[in-house]
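J.: Before anything else, here's the structure in question.
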Amino acid sequence: MCWIGMGRPPGDGLGMHPLWKRHRLRAGRRDPSMTDFRDRRSLGKNGMTPPLRLRFATAVRRRAMLRRNAMRQWQRPPLQYPHEYVVTFDLETVVDEEMPDGSFPPWPRHKPVAGAFLTASRSDGRYAFSLDTFICHDGQEAQFLRSTDALFPPGSMAVTLNGRGFDAQVLRLQAQRQGLYDLRNIARIADAGRYDVTHLDLLDAYGGRGSSLAELCGALSIPVKTSTSGGDVGDLWRRGDVKAIAEYVQEDVLASYLVYLHTIAWRQGDERLIALPLADLATWLESEPGLQHLLPFATCRPALWARSRAPYLRAVAARAGAELRLRKEQDEAAFAAR
């Protein structure tokens with residue numbers, strides 16, 4: 001039943017009858033000319049009433065707020081970095097033609113000639129290490145890239161310093177150039193976001209691009225670049241001094257790994273995350289005859305501190321484990337006695 005044109009229906013004398021208001025509002029949405037000035041004034045654009053506009057604006061603001069919160073959560077560092085299987089790597093690259101002004105060439109011009117990969121895996125409270133070093137001669141690019149891809153199984157975390165903006169991008173571009181689109185592990189690392197646990201760039205962990213490996217290591221008493229520097233790699237490669245390049249990239253990888261240990265121990269507030277793996281790393285370096293040039297990493301100040309703390313931390317962990325097993329046995333005995 002429509003009340004338009006039939007006069008005002010009975011009400012309580014204090015205002016318009018609810019049924020009358022509802023029908024006039026519906027009529028006004030169909031044709032604003034059918035309502036009086038007071039009803040037309042209450043209508044907004046597109047015949048939308050203020051309450052509906054308010055609800056729509058509130059929904060839009062809420063959706064934007066949820067989107068911002070989700071973006072902030074994605075941009076935050078993770079509460080815990082995985083440390084069960086970590087691969088720290090670094091590349092040494094050359095360019096066909098240096099920049100006329102001597103500046104660093106854009107990264108797409110670089111091609112890798114050497115890469116070092118330090119794998120650290122944790123099992124039963126102990127850390128095991130392996131160091132793989134690949135040399136990439138002309139014509140061996142596909143083999144180099146496939147060997148690199150095989151070192152990053154799903155579930156592992158890659159650690160670099162400036163790798164998100166350089167090393168990972170160089171690997172991705174070279175894989176595309178070789179037509180190797182099935183290298184999914186390299187793709188996962190190169191596509192990782194700033195705080196994705198698939199790839200940790202130490203420059204991001206330390207606040208951005210205002211530092212370098214040499215500066216960080218100098219502040220943390222970590223030996224770095226003891227034999228050569230990155231600017232010498234091109235000359236060494238042209239002279240055929242592959243051994244010097246391999247030793248240099250290995251030093252950079254060890255230095256990056258020690259910086260990484262400082263990072264996760266600080267992030268999670270647990271000294272065991274630096275003391276235990278660093279003590280095991282020092283022992284491993286001393287046991288490898290082919291890694292004598294890396295012994296300074298086993299005798300630097302952080303390594304000496306870690307080796308002094310590791311026995312105590314392992315004893316505390318062993319005692320806690322024994323107490324846990326004892327409580328479990330007591331609970332099982334009490335349950336069986338019922």
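In the structure tokens, each chain is lettered A, B, ... as it comes, each chain's residues begin at 1, and ligands are numbered from 1 in order of appearance.
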Please identify which residues in region 47-153 of chain A DSSP calls alpha helix (DSSP H) from the backbone, and express them as a PyMOL selection string.
T.: chain A and resi 50-75+141-149
J.: At most 12 Å is the cut-off: for each residue in region 188-285 of chain A with any atom that close to an atom of region 84-104 of chain A, write down the nearest atom pair and the distance in Å rounded to one decimal, counting only C-alpha atoms, chain first then increasing number, as a Markdown table.
T.:
```
| residue | atom | partner | partner_atom | distance |
| --- | --- | --- | --- | --- |
| A:Ile189 | CA | A:Val87 | CA | 11.2 |
| A:Val197 | CA | A:Val86 | CA | 10.5 |
| A:Thr198 | CA | A:Val86 | CA | 9.7 |
| A:His199 | CA | A:Val87 | CA | 9.5 |
| A:Leu200 | CA | A:Thr88 | CA | 9.4 |
| A:Asp201 | CA | A:Thr88 | CA | 10.1 |
| A:Leu202 | CA | A:Thr88 | CA | 10.6 |
| A:Leu213 | CA | A:Asp90 | CA | 11.4 |
| A:Ser229 | CA | A:Glu92 | CA | 10.4 |
| A:Gly230 | CA | A:Glu92 | CA | 7.6 |
| A:Gly231 | CA | A:Phe104 | CA | 9.2 |
| A:Asp232 | CA | A:Val94 | CA | 10.0 |
| A:Val233 | CA | A:Glu92 | CA | 7.2 |
| A:Gly234 | CA | A:Val94 | CA | 5.5 |
| A:Asp235 | CA | A:Val94 | CA | 9.2 |
| A:Leu236 | CA | A:Val94 | CA | 10.1 |
| A:Trp237 | CA | A:Val94 | CA | 8.0 |
| A:Arg238 | CA | A:Val94 | CA | 9.5 |
| A:Val242 | CA | A:Glu92 | CA | 11.1 |
| A:Ala244 | CA | A:Glu92 | CA | 11.5 |
| A:Ile245 | CA | A:Glu92 | CA | 7.7 |
| A:Ala246 | CA | A:Glu92 | CA | 8.8 |
| A:Glu247 | CA | A:Glu92 | CA | 11.1 |
| A:Tyr248 | CA | A:Glu92 | CA | 8.9 |
| A:Val249 | CA | A:Asp90 | CA | 6.5 |
| A:Gln250 | CA | A:Asp90 | CA | 8.1 |
| A:Glu251 | CA | A:Asp90 | CA | 9.7 |
| A:Asp252 | CA | A:Asp90 | CA | 7.0 |
| A:Val253 | CA | A:Phe89 | CA | 5.7 |
| A:Leu254 | CA | A:Thr88 | CA | 8.1 |
| A:Ala255 | CA | A:Thr88 | CA | 9.8 |
| A:Ser256 | CA | A:Thr88 | CA | 7.1 |
| A:Tyr257 | CA | A:Thr88 | CA | 6.2 |
| A:Leu258 | CA | A:Thr88 | CA | 10.0 |
| A:Val259 | CA | A:Thr88 | CA | 10.6 |
| A:Tyr260 | CA | A:Thr88 | CA | 8.7 |
| A:Leu261 | CA | A:Val86 | CA | 10.8 |
| A:Ile264 | CA | A:Val86 | CA | 11.8 |
| A:Leu273 | CA | A:Glu84 | CA | 10.7 |
| A:Pro277 | CA | A:Glu84 | CA | 10.7 |
```
J.: Using CA of Gln169 (chain A) and CA of Gly240 (chain A) as the two end points, give the distance in Å to one decimal.
T.: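 Going from CA of Gln169 (chain A) over to CA of Gly240 (chain A) covers 25.7 Å.
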J.: What does the structure give for the distance between CA of Ala265 (chain A) and CA of Ala192 (chain A), in Å to one decimal?
T.: 22.2 Å
J.: Using only C-alpha atoms, which residue out of A:Lys225, A:Lys111, A:Arg126, A:Arg309 lies closest to Leu281 (chain A)?
T.: A:Arg126
